[in-house]
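Structure, as structure tokens:
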Number of protein chains: 2
Amino acid sequence: MNTSCPVMKSDNQLITLAHGSGGKQTHQLIQNIFLPAFSNDKLEMLHDGVLLDMPSSQIVFTTDSFVVQPLFFPGGDIGKLAVTGTLNDLAMCGAKPYYLSCGFIIEDGFSQNDLKMIVQSMQKEAHANSVQIVTGDTKVIERQNGTNLFINTSGIGVCIGKDPINPTRIQKGDSIILSGDVGRHGMAIMAQRQGLEFSSPLLSDCCSLFPVVSSLIQKGIEIHCLRDLTRGGLATALVELAEGSHMDFRIMEDAISVSEGVNSACEILGLDPFYVANEGRFVTFAPKHQEEEVLKILREFSEGQASSIIGEVLEPSASPTVVAKNAFGTQRYLYRLSGDQLPRIC
Amino acid sequence: MNTSCPVMKSDNQLITLAHGSGGKQTHQLIQNIFLPAFSNDKLEMLHDGVLLDMPSSQIVFTTDSFVVQPLFFPGGDIGKLAVTGTLNDLAMCGAKPYYLSCGFIIEDGFSQNDLKMIVQSMQKEAHANSVQIVTGDTKVIERQNGTNLFINTSGIGVCIGKDPINPTRIQKGDSIILSGDVGRHGMAIMAQRQGLEFSSPLLSDCCSLFPVVSSLIQKGIEIHCLRDLTRGGLATALVELAEGSHMDFRIMEDAISVSEGVNSACEILGLDPFYVANEGRFVTFAPKHQEEEVLKILREFSEGQASSIIGEVLEPSASPTVVAKNAFGTQRYLYRLSGDQLPRIC
């Protein structure tokens with residue numbers, strides 16, 4: 001890295017509209033912030049696109065934009081989230097991630113030091129998951145308060161199992177297994193926004209799920225479907241999957257783990273933890289006879305310690321429902337999240 | 001399309017934060033605006049990612065975000081631009097485009113009718129280029145003035161020629177051929193922003209370049225490098241390519257075509273057309289003996305009518321330069337665009 005470049009001299013210079021011009025200042029930004037962090041021969045070509053040799057001609061492709069506020073939160077930051085979020089979308093298709101693109105939209109007045117930290121956080125997470133960030137783009141928009149940064153990451157991977165993993169493969173009798181406790185990401189963000197403090201800090205569950213998914217596949221679990229529990233939380237994900245598979249689901253509320261911190265924060269803010277976003281939790285649909293084996297594998301990972309079997313797939317249905325049964329035996333239907341509990345959560 | 005859905009009842013409902021919640025309103029947006037336009041079986045799976053069968057395991061991958069203002073401009077809109085911009089990045093690598101992702105970041109208060117028009121414009125351009133939009137994401141950010149929309153498109157393609165096309169293949173003696181007149185896109189946007197009117201309207205050159213690139217490759221042109229002349233214009237692109245190839249270039253200013261409208265607008269606004277953004281122009285580096293054949297092919301396309309041979313590649317150089325010679329024989333060096341002439345041009 002050329003530290004003598006003027007753009008790096010100050011302790012904290014700011015992004016300006018000129019950094020989005022495609023000219024000299026864009027070049028400096030690429031040379032001083034992006035290339036040193038993401039360093040790889042594909043990106044360094046600086047051509048309009050990148051040529052990639054994939055291990056198969058059958059690939060998985062996904063995209064996600066991230067607009068979370070605040071950018072730095074307990075347990076992560078927008079950079080970590082932008083990498084793990086897209087890796088997790090690939091993992092939910094049973095795909096090993098290979099390459100990511102990243103598109104930055106930065107507000108005029110944004111701190112270059114913050115941008116550097118976020119970019120380094122992206123690279124750390126990419127490296128930890130053996131993926132490369134191979135192509136990118138930067139735009140700058142007019143100043144409002146100088147704190148806005150939006151990141152799009154698109155990802156390419158290749159399936160590691162032999163069978164497809166998607167909602168249409170969900171079958172009658174499948175067990176529904178939850179990978180851990182729910183509501184951490186959303187409540188960590190909300191607690192920080194509201195200035196709430198708890199005896200133990202509320203950390204986001206933001207993490208890459210490929211290692212645990214890979215382990216499930218390698219160990220022979222016949223996975224029918226996977227879904228990460230992001231915006232809309234567990235409840236919305238289950239409703240989407242019931243509709244996608246045309247099946248009724250039944251879940252047991254008591255089997256769903258919610259930490260004390262998340263519970264307290266949800267009570268204070270009047271939120272239902274089943275609807276709060278997660279960034280490192282998912283549900284697995286697998287044959288009932290393998291449910292204990294799934295649990296055993298999930299619990300080999302720190303993020304899977306609180307995993308549990310939460311329900312089952314009932315019958316095919318023309319108007320699929322998700323029924324949640326509580327300890328008193330009463331039932332309620334789950335619906336998609338309505339309105340917006342938590343704007344800009346991811 | 002279910003026209004009885006409440007979200008479609010009004011003539012012009014607005015996007016709200018709830019449309020970014022991942023819940024019920026996001027679902028309505030997808031069902032009522034995105035799926036009817038982009039309709040294809042891959043997208044309709046609504047899974048976290050999409051499984052794609054490519055004709056080869058060697059693929060080209062690119063990404064671009066679009067923040068242009070105004071969203072609708074003479075000759076196009078942000079939707080057309082978001083599709084052609086990414087298709088053109090693939091074309092510049094000699095790749096036939098296959099699939100696109102799209103990530104929308106929409107401001108609370110944005111017109112749903114405008115969003116529909118933009119999405120339909122994306123689909124029209126995708127269809128015209130035989131590509132599918134197969135995966136997407138939508139986020140909503142807080143309201144400022146209700147007119148902001150940012151679109152990221154990432155693209156996947158496959159090379160149609162046998163040799164790679166990139167800056168390292170530029171050779172001493174190569175001819176530099178410009179595909180048409182320069183400065184239209186930038187000046188169309190600026191003229192609209194400034195309320196300038198000309199006797200003939202100034203239209204953006206925004207268009208897909210794959211058909212003309214495909215024709216160059218199919219007809220046996222030994223293309224060493226291609227580059228579209230977006231932000232920073234012709235001058236910045238040439239400087240980048242000189243540096244990327246470690247070669248000196250010489251160009252003849254008089255050979256570069258600039259329309260009367262662009263010239264007038266540039267004079268009024270004090271801009272150099274060589275630095276103004278284009279969205280449907282590119283330079284080709286090819287062996288000198290094929291330059292006339294390149295011109296002949298370019299001129300078979302409406303966007304190539306004003307194409308010309310503008311210069312040549314000189315010697316390898318440790319500090320590469322681009323020299324522009326004018327009609328009086330005097331010379332000037334070209335540099336990257338410094339500062340920002342035209343914020344949010346693409």
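How things are named: the first chain in the structure tokens is A, the next is B, and so on; residues count from 1 in each chain; ligands count from 1 in the order shown.
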Would you mind listing, as a tab-separated table (two decimals) with all heavy atoms, in the first residue's frame, all residues of chain B that have at least one atom within 7 Å of chain A, where only C-alpha atoms are what counts?
chain	number	residue	atom	x	y	z
B	17	LEU	N	-41.52	1.83	4.47
B	17	LEU	CA	-40.49	1.01	5.12
B	17	LEU	C	-40.94	-0.44	5.25
B	17	LEU	O	-40.11	-1.36	5.20
B	17	LEU	CB	-40.15	1.59	6.50
B	17	LEU	CG	-39.29	2.86	6.49
B	17	LEU	CD1	-39.17	3.44	7.90
B	17	LEU	CD2	-37.89	2.57	5.93
B	18	ALA	N	-42.24	-0.66	5.40
B	18	ALA	CA	-42.76	-2.03	5.55
B	18	ALA	C	-42.46	-2.89	4.32
B	18	ALA	O	-42.33	-4.11	4.42
B	18	ALA	CB	-44.26	-2.01	5.82
B	21	SER	N	-39.40	-4.93	4.96
B	21	SER	CA	-39.35	-5.70	6.22
B	21	SER	C	-39.08	-7.17	6.02
B	21	SER	O	-38.76	-7.88	6.95
B	21	SER	CB	-40.70	-5.58	6.93
B	21	SER	OG	-41.68	-6.28	6.18
B	22	GLY	N	-39.22	-7.64	4.79
B	22	GLY	CA	-39.09	-9.07	4.54
B	22	GLY	C	-40.39	-9.82	4.81
B	22	GLY	O	-40.44	-11.03	4.66
B	23	GLY	N	-41.43	-9.10	5.22
B	23	GLY	CA	-42.68	-9.74	5.59
B	23	GLY	C	-43.75	-9.61	4.52
B	23	GLY	O	-43.49	-9.74	3.32
B	24	LYS	N	-44.98	-9.32	4.99
B	24	LYS	CA	-46.16	-9.32	4.14
B	24	LYS	C	-46.06	-8.31	2.98
B	24	LYS	O	-46.35	-8.64	1.83
B	24	LYS	CB	-47.36	-8.97	5.03
B	24	LYS	CG	-48.70	-9.16	4.41
B	24	LYS	CD	-49.78	-8.92	5.48
B	24	LYS	CE	-51.09	-8.52	4.82
B	24	LYS	NZ	-52.07	-8.08	5.82
B	25	GLN	N	-45.63	-7.07	3.31
B	25	GLN	CA	-45.59	-6.04	2.27
B	25	GLN	C	-44.47	-6.31	1.26
B	25	GLN	O	-44.62	-6.02	0.07
B	25	GLN	CB	-45.45	-4.64	2.88
B	25	GLN	CG	-46.72	-4.14	3.57
B	25	GLN	CD	-46.93	-4.72	4.97
B	25	GLN	OE1	-46.08	-5.45	5.49
B	25	GLN	NE2	-48.05	-4.43	5.59
B	47	HIS	N	-36.25	-18.87	-3.70
B	47	HIS	CA	-35.33	-19.45	-2.72
B	47	HIS	C	-34.20	-18.44	-2.50
B	47	HIS	O	-34.19	-17.37	-3.09
B	47	HIS	CB	-34.83	-20.79	-3.27
B	47	HIS	CG	-34.14	-21.64	-2.25
B	47	HIS	ND1	-34.47	-21.63	-0.92
B	47	HIS	CD2	-33.12	-22.53	-2.37
B	47	HIS	CE1	-33.68	-22.49	-0.28
B	47	HIS	NE2	-32.86	-23.05	-1.13
B	48	ASP	N	-33.25	-18.81	-1.61
B	48	ASP	CA	-32.19	-17.85	-1.26
B	48	ASP	C	-31.20	-17.61	-2.40
B	48	ASP	O	-30.51	-16.60	-2.43
B	48	ASP	CB	-31.43	-18.34	-0.03
B	48	ASP	CG	-32.22	-18.08	1.25
B	48	ASP	OD1	-33.03	-17.15	1.26
B	48	ASP	OD2	-32.02	-18.82	2.22
B	49	GLY	N	-31.12	-18.55	-3.32
B	49	GLY	CA	-30.22	-18.43	-4.46
B	49	GLY	C	-30.81	-19.25	-5.58
B	49	GLY	O	-31.85	-19.91	-5.40
B	50	VAL	N	-30.15	-19.24	-6.73
B	50	VAL	CA	-30.73	-19.92	-7.88
B	50	VAL	C	-29.67	-20.82	-8.52
B	50	VAL	O	-28.50	-20.46	-8.62
B	50	VAL	CB	-31.29	-18.87	-8.87
B	50	VAL	CG1	-30.22	-17.92	-9.35
B	50	VAL	CG2	-31.98	-19.52	-10.05
B	51	LEU	N	-30.11	-22.02	-8.91
B	51	LEU	CA	-29.22	-23.01	-9.52
B	51	LEU	C	-29.22	-22.77	-11.03
B	51	LEU	O	-30.29	-22.75	-11.65
B	51	LEU	CB	-29.75	-24.41	-9.20
B	51	LEU	CG	-28.85	-25.60	-9.42
B	51	LEU	CD1	-27.61	-25.52	-8.53
B	51	LEU	CD2	-29.62	-26.89	-9.11
B	52	LEU	N	-28.04	-22.59	-11.62
B	52	LEU	CA	-27.95	-22.25	-13.03
B	52	LEU	C	-27.07	-23.26	-13.78
B	52	LEU	O	-25.97	-23.58	-13.31
B	52	LEU	CB	-27.33	-20.86	-13.20
B	52	LEU	CG	-28.04	-19.70	-12.49
B	52	LEU	CD1	-27.21	-18.42	-12.60
B	52	LEU	CD2	-29.43	-19.49	-13.08
B	53	ASP	N	-27.57	-23.72	-14.92
B	53	ASP	CA	-26.75	-24.58	-15.77
B	53	ASP	C	-26.08	-23.71	-16.81
B	53	ASP	O	-26.73	-23.21	-17.72
B	53	ASP	CB	-27.62	-25.63	-16.47
B	53	ASP	CG	-27.81	-26.85	-15.61
B	53	ASP	OD1	-26.79	-27.36	-15.09
B	53	ASP	OD2	-28.96	-27.28	-15.43
B	54	MET	N	-24.77	-23.52	-16.69
B	54	MET	CA	-24.04	-22.70	-17.65
B	54	MET	C	-23.50	-23.60	-18.76
B	54	MET	O	-23.26	-24.78	-18.54
B	54	MET	CB	-22.89	-21.97	-16.96
B	54	MET	CG	-23.32	-21.05	-15.82
B	54	MET	SD	-24.38	-19.68	-16.33
B	54	MET	CE	-23.25	-18.74	-17.37
B	55	PRO	N	-23.27	-23.04	-19.96
B	55	PRO	CA	-22.74	-23.88	-21.04
B	55	PRO	C	-21.25	-24.20	-20.85
B	55	PRO	O	-20.70	-25.00	-21.59
B	55	PRO	CB	-22.96	-23.02	-22.29
B	55	PRO	CG	-23.08	-21.63	-21.78
B	55	PRO	CD	-23.61	-21.69	-20.39
B	56	SER	N	-20.64	-23.59	-19.85
B	56	SER	CA	-19.21	-23.83	-19.62
B	56	SER	C	-18.92	-23.59	-18.14
B	56	SER	O	-19.64	-22.84	-17.48
B	56	SER	CB	-18.37	-22.87	-20.47
B	56	SER	OG	-17.06	-22.74	-19.95
B	57	SER	N	-17.87	-24.22	-17.62
B	57	SER	CA	-17.49	-23.96	-16.23
B	57	SER	C	-16.61	-22.72	-16.13
B	57	SER	O	-16.27	-22.28	-15.04
B	57	SER	CB	-16.78	-25.18	-15.65
B	57	SER	OG	-15.58	-25.39	-16.35
B	58	GLN	N	-16.21	-22.17	-17.29
B	58	GLN	CA	-15.45	-20.91	-17.26
B	58	GLN	C	-16.44	-19.77	-17.51
B	58	GLN	O	-17.01	-19.67	-18.61
B	58	GLN	CB	-14.35	-20.93	-18.32
B	58	GLN	CG	-13.31	-19.86	-18.05
B	58	GLN	CD	-12.12	-19.94	-18.98
B	58	GLN	OE1	-12.27	-19.84	-20.20
B	58	GLN	NE2	-10.94	-20.12	-18.42
B	59	ILE	N	-16.62	-18.95	-16.49
B	59	ILE	CA	-17.66	-17.91	-16.59
B	59	ILE	C	-17.03	-16.53	-16.38
B	59	ILE	O	-15.92	-16.41	-15.86
B	59	ILE	CB	-18.78	-18.12	-15.56
B	59	ILE	CG1	-18.24	-18.09	-14.12
B	59	ILE	CG2	-19.52	-19.43	-15.82
B	59	ILE	CD1	-19.30	-18.07	-13.06
B	60	VAL	N	-17.76	-15.50	-16.78
B	60	VAL	CA	-17.36	-14.12	-16.51
B	60	VAL	C	-18.39	-13.52	-15.54
B	60	VAL	O	-19.59	-13.76	-15.68
B	60	VAL	CB	-17.28	-13.29	-17.81
B	60	VAL	CG1	-16.92	-11.84	-17.50
B	60	VAL	CG2	-16.27	-13.89	-18.77
B	61	PHE	N	-17.91	-12.79	-14.56
B	61	PHE	CA	-18.74	-12.28	-13.46
B	61	PHE	C	-18.46	-10.78	-13.32
B	61	PHE	O	-17.29	-10.36	-13.38
B	61	PHE	CB	-18.33	-13.03	-12.19
B	61	PHE	CG	-19.11	-12.73	-10.93
B	61	PHE	CD1	-20.46	-12.40	-10.96
B	61	PHE	CD2	-18.47	-12.83	-9.68
B	61	PHE	CE1	-21.15	-12.16	-9.78
B	61	PHE	CE2	-19.16	-12.59	-8.51
B	61	PHE	CZ	-20.51	-12.25	-8.55
B	62	THR	N	-19.49	-9.99	-13.15
B	62	THR	CA	-19.29	-8.54	-12.98
B	62	THR	C	-20.42	-7.95	-12.15
B	62	THR	O	-21.48	-8.56	-11.99
B	62	THR	CB	-19.21	-7.84	-14.36
B	62	THR	OG1	-18.79	-6.48	-14.16
B	62	THR	CG2	-20.57	-7.82	-15.07
B	63	THR	N	-20.20	-6.77	-11.60
B	63	THR	CA	-21.22	-6.09	-10.81
B	63	THR	C	-21.17	-4.59	-11.05
B	63	THR	O	-20.11	-4.04	-11.38
B	63	THR	CB	-21.04	-6.38	-9.30
B	63	THR	OG1	-22.23	-6.00	-8.60
B	63	THR	CG2	-19.87	-5.62	-8.69
B	64	ASP	N	-22.31	-3.92	-10.89
B	64	ASP	CA	-22.38	-2.47	-11.04
B	64	ASP	C	-23.59	-1.95	-10.27
B	64	ASP	O	-24.64	-2.58	-10.31
B	64	ASP	CB	-22.52	-2.10	-12.52
B	64	ASP	CG	-21.54	-1.01	-12.94
B	64	ASP	OD1	-21.12	-0.23	-12.07
B	64	ASP	OD2	-21.22	-0.94	-14.13
B	65	SER	N	-23.41	-0.82	-9.59
B	65	SER	CA	-24.55	-0.18	-8.94
B	65	SER	C	-24.89	1.08	-9.71
B	65	SER	O	-24.00	1.74	-10.27
B	65	SER	CB	-24.20	0.19	-7.50
B	65	SER	OG	-23.93	-0.95	-6.74
B	89	ASP	N	-20.49	-4.55	-19.42
B	89	ASP	CA	-19.27	-5.00	-18.73
B	89	ASP	C	-18.92	-6.43	-19.14
B	89	ASP	O	-17.75	-6.77	-19.30
B	89	ASP	CB	-19.45	-4.90	-17.21
B	89	ASP	CG	-19.30	-3.47	-16.69
B	89	ASP	OD1	-18.81	-2.60	-17.45
B	89	ASP	OD2	-19.67	-3.21	-15.53
B	90	LEU	N	-19.94	-7.27	-19.28
B	90	LEU	CA	-19.69	-8.64	-19.75
B	90	LEU	C	-19.20	-8.62	-21.19
B	90	LEU	O	-18.23	-9.32	-21.54
B	90	LEU	CB	-20.97	-9.49	-19.64
B	90	LEU	CG	-21.47	-9.78	-18.22
B	90	LEU	CD1	-22.82	-10.51	-18.27
B	90	LEU	CD2	-20.46	-10.62	-17.44
B	92	MET	N	-17.57	-6.37	-22.71
B	92	MET	CA	-16.19	-5.88	-22.79
B	92	MET	C	-15.17	-6.98	-22.45
B	92	MET	O	-13.98	-6.83	-22.71
B	92	MET	CB	-15.99	-4.67	-21.86
B	92	MET	CG	-16.80	-3.45	-22.27
B	92	MET	SD	-16.43	-2.85	-23.96
B	92	MET	CE	-17.91	-3.31	-24.86
B	93	CYS	N	-15.64	-8.07	-21.85
B	93	CYS	CA	-14.77	-9.24	-21.62
B	93	CYS	C	-14.97	-10.27	-22.73
B	93	CYS	O	-14.44	-11.38	-22.65
B	93	CYS	CB	-15.10	-9.87	-20.27
B	93	CYS	SG	-14.92	-8.76	-18.87
B	101	SER	N	-28.56	-10.66	-11.65
B	101	SER	CA	-29.23	-10.47	-10.36
B	101	SER	C	-29.63	-9.01	-10.29
B	101	SER	O	-29.05	-8.17	-10.99
B	101	SER	CB	-28.28	-10.79	-9.21
B	101	SER	OG	-27.24	-9.85	-9.16
B	103	GLY	N	-30.49	-5.98	-7.18
B	103	GLY	CA	-30.73	-5.57	-5.81
B	103	GLY	C	-31.27	-4.14	-5.83
B	103	GLY	O	-30.61	-3.24	-6.35
B	135	THR	N	-32.44	-13.63	-9.75
B	135	THR	CA	-32.40	-13.55	-8.29
B	135	THR	C	-32.35	-12.08	-7.91
B	135	THR	O	-31.82	-11.26	-8.67
B	135	THR	CB	-31.21	-14.38	-7.71
B	135	THR	OG1	-31.27	-14.40	-6.29
B	135	THR	CG2	-29.86	-13.84	-8.15
B	136	GLY	N	-32.95	-11.74	-6.78
B	136	GLY	CA	-33.01	-10.32	-6.43
B	136	GLY	C	-33.18	-10.09	-4.95
B	136	GLY	O	-33.29	-11.04	-4.16
B	137	ASP	N	-33.19	-8.83	-4.59
B	137	ASP	CA	-33.30	-8.43	-3.19
B	137	ASP	C	-33.82	-7.00	-3.15
B	137	ASP	O	-33.52	-6.20	-4.04
B	137	ASP	CB	-31.91	-8.48	-2.54
B	137	ASP	CG	-31.89	-7.93	-1.14
B	137	ASP	OD1	-32.57	-8.50	-0.28
B	137	ASP	OD2	-31.21	-6.91	-0.91
B	139	LYS	N	-34.42	-3.64	-0.46
B	139	LYS	CA	-34.32	-2.98	0.84
B	139	LYS	C	-34.98	-1.60	0.72
B	139	LYS	O	-35.01	-1.02	-0.38
B	139	LYS	CB	-32.86	-2.78	1.25
B	139	LYS	CG	-32.08	-4.07	1.47
B	139	LYS	CD	-32.52	-4.79	2.72
B	139	LYS	CE	-31.64	-5.98	3.10
B	139	LYS	NZ	-31.47	-7.01	2.10
B	141	ILE	N	-35.01	2.31	2.52
B	141	ILE	CA	-34.34	3.23	3.46
B	141	ILE	C	-35.26	4.41	3.77
B	141	ILE	O	-36.24	4.65	3.06
B	141	ILE	CB	-32.99	3.72	2.88
B	141	ILE	CG1	-33.18	4.37	1.51
B	141	ILE	CG2	-31.99	2.57	2.80
B	141	ILE	CD1	-31.93	5.02	0.95
B	152	ASN	N	-28.51	-2.32	-7.98
B	152	ASN	CA	-27.29	-3.07	-8.30
B	152	ASN	C	-27.68	-4.23	-9.21
B	152	ASN	O	-28.66	-4.93	-8.95
B	152	ASN	CB	-26.64	-3.65	-7.04
B	152	ASN	CG	-25.44	-4.52	-7.39
B	152	ASN	OD1	-25.58	-5.67	-7.81
B	152	ASN	ND2	-24.25	-3.98	-7.25
B	154	SER	N	-25.73	-7.59	-10.95
B	154	SER	CA	-24.53	-8.39	-11.18
B	154	SER	C	-24.86	-9.33	-12.33
B	154	SER	O	-26.03	-9.70	-12.50
B	154	SER	CB	-24.15	-9.17	-9.93
B	154	SER	OG	-23.86	-8.27	-8.88
B	166	ASN	N	-8.49	-8.54	-22.61
B	166	ASN	CA	-8.22	-7.71	-21.43
B	166	ASN	C	-6.99	-6.84	-21.68
B	166	ASN	O	-6.26	-7.04	-22.66
B	166	ASN	CB	-8.06	-8.60	-20.18
B	166	ASN	CG	-6.83	-9.48	-20.24
B	166	ASN	OD1	-5.72	-9.01	-20.47
B	166	ASN	ND2	-7.03	-10.78	-20.04
B	231	ARG	N	-18.13	6.38	-16.75
B	231	ARG	CA	-17.65	7.49	-15.93
B	231	ARG	C	-16.21	7.85	-16.27
B	231	ARG	O	-15.36	6.98	-16.35
B	231	ARG	CB	-17.68	7.10	-14.45
B	231	ARG	CG	-19.05	7.07	-13.85
B	231	ARG	CD	-18.96	6.68	-12.39
B	231	ARG	NE	-18.44	5.33	-12.19
B	231	ARG	CZ	-18.20	4.79	-11.00
B	231	ARG	NH1	-18.39	5.50	-9.90
B	231	ARG	NH2	-17.76	3.55	-10.89
B	232	GLY	N	-15.92	9.13	-16.42
B	232	GLY	CA	-14.56	9.56	-16.75
B	232	GLY	C	-14.35	9.65	-18.25
B	232	GLY	O	-13.35	10.21	-18.70
B	236	THR	N	-10.36	9.07	-19.64
B	236	THR	CA	-10.02	8.27	-18.45
B	236	THR	C	-9.85	6.80	-18.82
B	236	THR	O	-8.93	6.13	-18.34
B	236	THR	CB	-11.11	8.45	-17.36
B	236	THR	OG1	-11.22	9.84	-17.06
B	236	THR	CG2	-10.76	7.69	-16.09
B	336	ARG	N	-6.41	11.09	-16.01
B	336	ARG	CA	-7.71	10.69	-15.47
B	336	ARG	C	-8.52	11.93	-15.11
B	336	ARG	O	-7.96	12.95	-14.73
B	336	ARG	CB	-7.53	9.89	-14.18
B	336	ARG	CG	-7.15	8.47	-14.36
B	336	ARG	CD	-7.23	7.73	-13.02
B	336	ARG	NE	-7.08	6.31	-13.24
B	336	ARG	CZ	-5.92	5.71	-13.46
B	336	ARG	NH1	-4.80	6.41	-13.46
B	336	ARG	NH2	-5.87	4.40	-13.67
B	337	LEU	N	-9.83	11.81	-15.21
B	337	LEU	CA	-10.73	12.86	-14.73
B	337	LEU	C	-10.40	13.17	-13.27
B	337	LEU	O	-10.26	12.27	-12.46
B	337	LEU	CB	-12.18	12.38	-14.83
B	337	LEU	CG	-13.26	13.29	-14.25
B	337	LEU	CD1	-13.31	14.62	-15.00
B	337	LEU	CD2	-14.62	12.60	-14.30
B	338	SER	N	-10.23	14.45	-12.96
B	338	SER	CA	-9.96	14.83	-11.57
B	338	SER	C	-11.17	15.59	-11.04
B	338	SER	O	-11.78	16.40	-11.74
B	338	SER	CB	-8.71	15.69	-11.51
B	338	SER	OG	-8.39	15.97	-10.18
B	339	GLY	N	-11.52	15.35	-9.79
B	339	GLY	CA	-12.73	15.96	-9.24
B	339	GLY	C	-13.93	15.27	-9.83
B	339	GLY	O	-13.83	14.18	-10.39
B	340	ASP	N	-15.08	15.89	-9.73
B	340	ASP	CA	-16.27	15.27	-10.28
B	340	ASP	C	-17.08	16.27	-11.08
B	340	ASP	O	-17.81	17.08	-10.55
B	340	ASP	CB	-17.13	14.66	-9.17
B	340	ASP	CG	-18.15	13.70	-9.77
B	340	ASP	OD1	-18.16	13.53	-11.00
B	340	ASP	OD2	-18.92	13.12	-9.01
B	343	PRO	N	-21.70	14.46	-10.96
B	343	PRO	CA	-22.08	13.43	-10.00
B	343	PRO	C	-23.36	12.69	-10.40
B	343	PRO	O	-24.23	13.24	-11.07
B	343	PRO	CB	-22.29	14.20	-8.69
B	343	PRO	CG	-22.35	15.63	-9.05
B	343	PRO	CD	-21.70	15.80	-10.38
B	344	ARG	N	-23.43	11.45	-10.00
B	344	ARG	CA	-24.61	10.57	-10.22
B	344	ARG	C	-25.07	10.54	-11.67
B	344	ARG	O	-26.24	10.74	-11.99
B	344	ARG	CB	-25.73	10.96	-9.26
B	344	ARG	CG	-25.29	10.74	-7.82
B	344	ARG	CD	-26.38	10.96	-6.82
B	344	ARG	NE	-27.49	10.03	-7.00
B	344	ARG	CZ	-28.54	9.99	-6.20
B	344	ARG	NH1	-28.60	10.81	-5.17
B	344	ARG	NH2	-29.50	9.14	-6.41
- region 217-270 of chain A: residues DSSP assigns to strand (DSSP E or B), reported as a ChimeraX atom specification: /A:225-228,247-252
Please produce a file of the residues just selected, as an mmCIF file, in the first residue's frame, where the atoms kept are N, CA, C and O atoms.
data_model
loop_
_atom_site.group_PDB
_atom_site.id
_atom_site.type_symbol
_atom_site.label_atom_id
_atom_site.label_comp_id
_atom_site.auth_asym_id
_atom_site.auth_seq_id
_atom_site.Cartn_x
_atom_site.Cartn_y
_atom_site.Cartn_z
ATOM 1 N N CYS A 225 -34.673 -29.149 2.683
ATOM 2 C CA CYS A 225 -34.661 -27.687 2.523
ATOM 3 C C CYS A 225 -33.934 -27.041 3.686
ATOM 4 O O CYS A 225 -33.892 -27.589 4.805
ATOM 5 N N LEU A 226 -33.326 -25.902 3.413
ATOM 6 C CA LEU A 226 -32.678 -25.064 4.428
ATOM 7 C C LEU A 226 -33.194 -23.644 4.225
ATOM 8 O O LEU A 226 -33.453 -23.233 3.092
ATOM 9 N N ARG A 227 -33.300 -22.884 5.311
ATOM 10 C CA ARG A 227 -33.661 -21.464 5.151
ATOM 11 C C ARG A 227 -33.089 -20.671 6.330
ATOM 12 O O ARG A 227 -33.295 -21.045 7.493
ATOM 13 N N ASP A 228 -32.347 -19.615 6.022
ATOM 14 C CA ASP A 228 -31.864 -18.768 7.113
ATOM 15 C C ASP A 228 -32.969 -17.801 7.539
ATOM 16 O O ASP A 228 -33.849 -17.456 6.750
ATOM 17 N N MET A 247 -47.446 -27.229 1.962
ATOM 18 C CA MET A 247 -47.603 -28.170 3.073
ATOM 19 C C MET A 247 -48.014 -27.402 4.330
ATOM 20 O O MET A 247 -47.609 -26.251 4.509
ATOM 21 N N ASP A 248 -48.776 -28.037 5.207
ATOM 22 C CA ASP A 248 -49.014 -27.489 6.544
ATOM 23 C C ASP A 248 -47.851 -27.876 7.462
ATOM 24 O O ASP A 248 -47.353 -29.005 7.379
ATOM 25 N N PHE A 249 -47.460 -26.942 8.340
ATOM 26 C CA PHE A 249 -46.422 -27.242 9.345
ATOM 27 C C PHE A 249 -47.048 -27.108 10.734
ATOM 28 O O PHE A 249 -47.958 -26.281 10.931
ATOM 29 N N ARG A 250 -46.522 -27.877 11.693
ATOM 30 C CA ARG A 250 -46.878 -27.635 13.096
ATOM 31 C C ARG A 250 -45.592 -27.469 13.893
ATOM 32 O O ARG A 250 -44.670 -28.282 13.756
ATOM 33 N N ILE A 251 -45.514 -26.413 14.683
ATOM 34 C CA ILE A 251 -44.335 -26.243 15.528
ATOM 35 C C ILE A 251 -44.746 -26.126 16.994
ATOM 36 O O ILE A 251 -45.883 -25.765 17.315
ATOM 37 N N MET A 252 -43.808 -26.462 17.883
ATOM 38 C CA MET A 252 -44.023 -26.416 19.324
ATOM 39 C C MET A 252 -43.267 -25.194 19.847
ATOM 40 O O MET A 252 -42.033 -25.167 19.826
#
- Task: Would you kindly return, as number ranges by chain, each protein, DNA or RNA residue with an atom no farther than 10 Å from any atom of Thr84 (chain B), considering only C-alpha atoms and excluding same-chain residues fewer than 5 positions away?
- Result: B: 78-79, 89-91, 122, 125-126, 129, 153, 206-210, 279-280
- Item | Contact residues around Ser121 (chain A) with only C-alpha atoms at 12 Å, ignoring same-chain residues under 5 positions, as a VMD selection string | chain A and resid 34 37 to 38 71 to 72 75 to 84 114 to 116 126 to 128
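Relative to CA of Ile30 (chain A), CA of Val131 (chain A) is found at 19.6 Å.
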- Task: Based on DSSP run over this structure's backbone, return all residues of region 31-130 of chain B in alpha helix (DSSP H), as a VMD selection string.
- Result: chain B and resid 35 to 38 41 to 44 78 to 91 112 to 128
- Skipping near chain neighbours, those fewer than 2 positions away, what residues fall within 10 Å of region 309-315 of chain A using only C-alpha atoms, listed as a count of residues only? 43
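Separating CA of Cys266 (chain A) from CA of Ser199 (chain A) is a distance of 15.2 Å.
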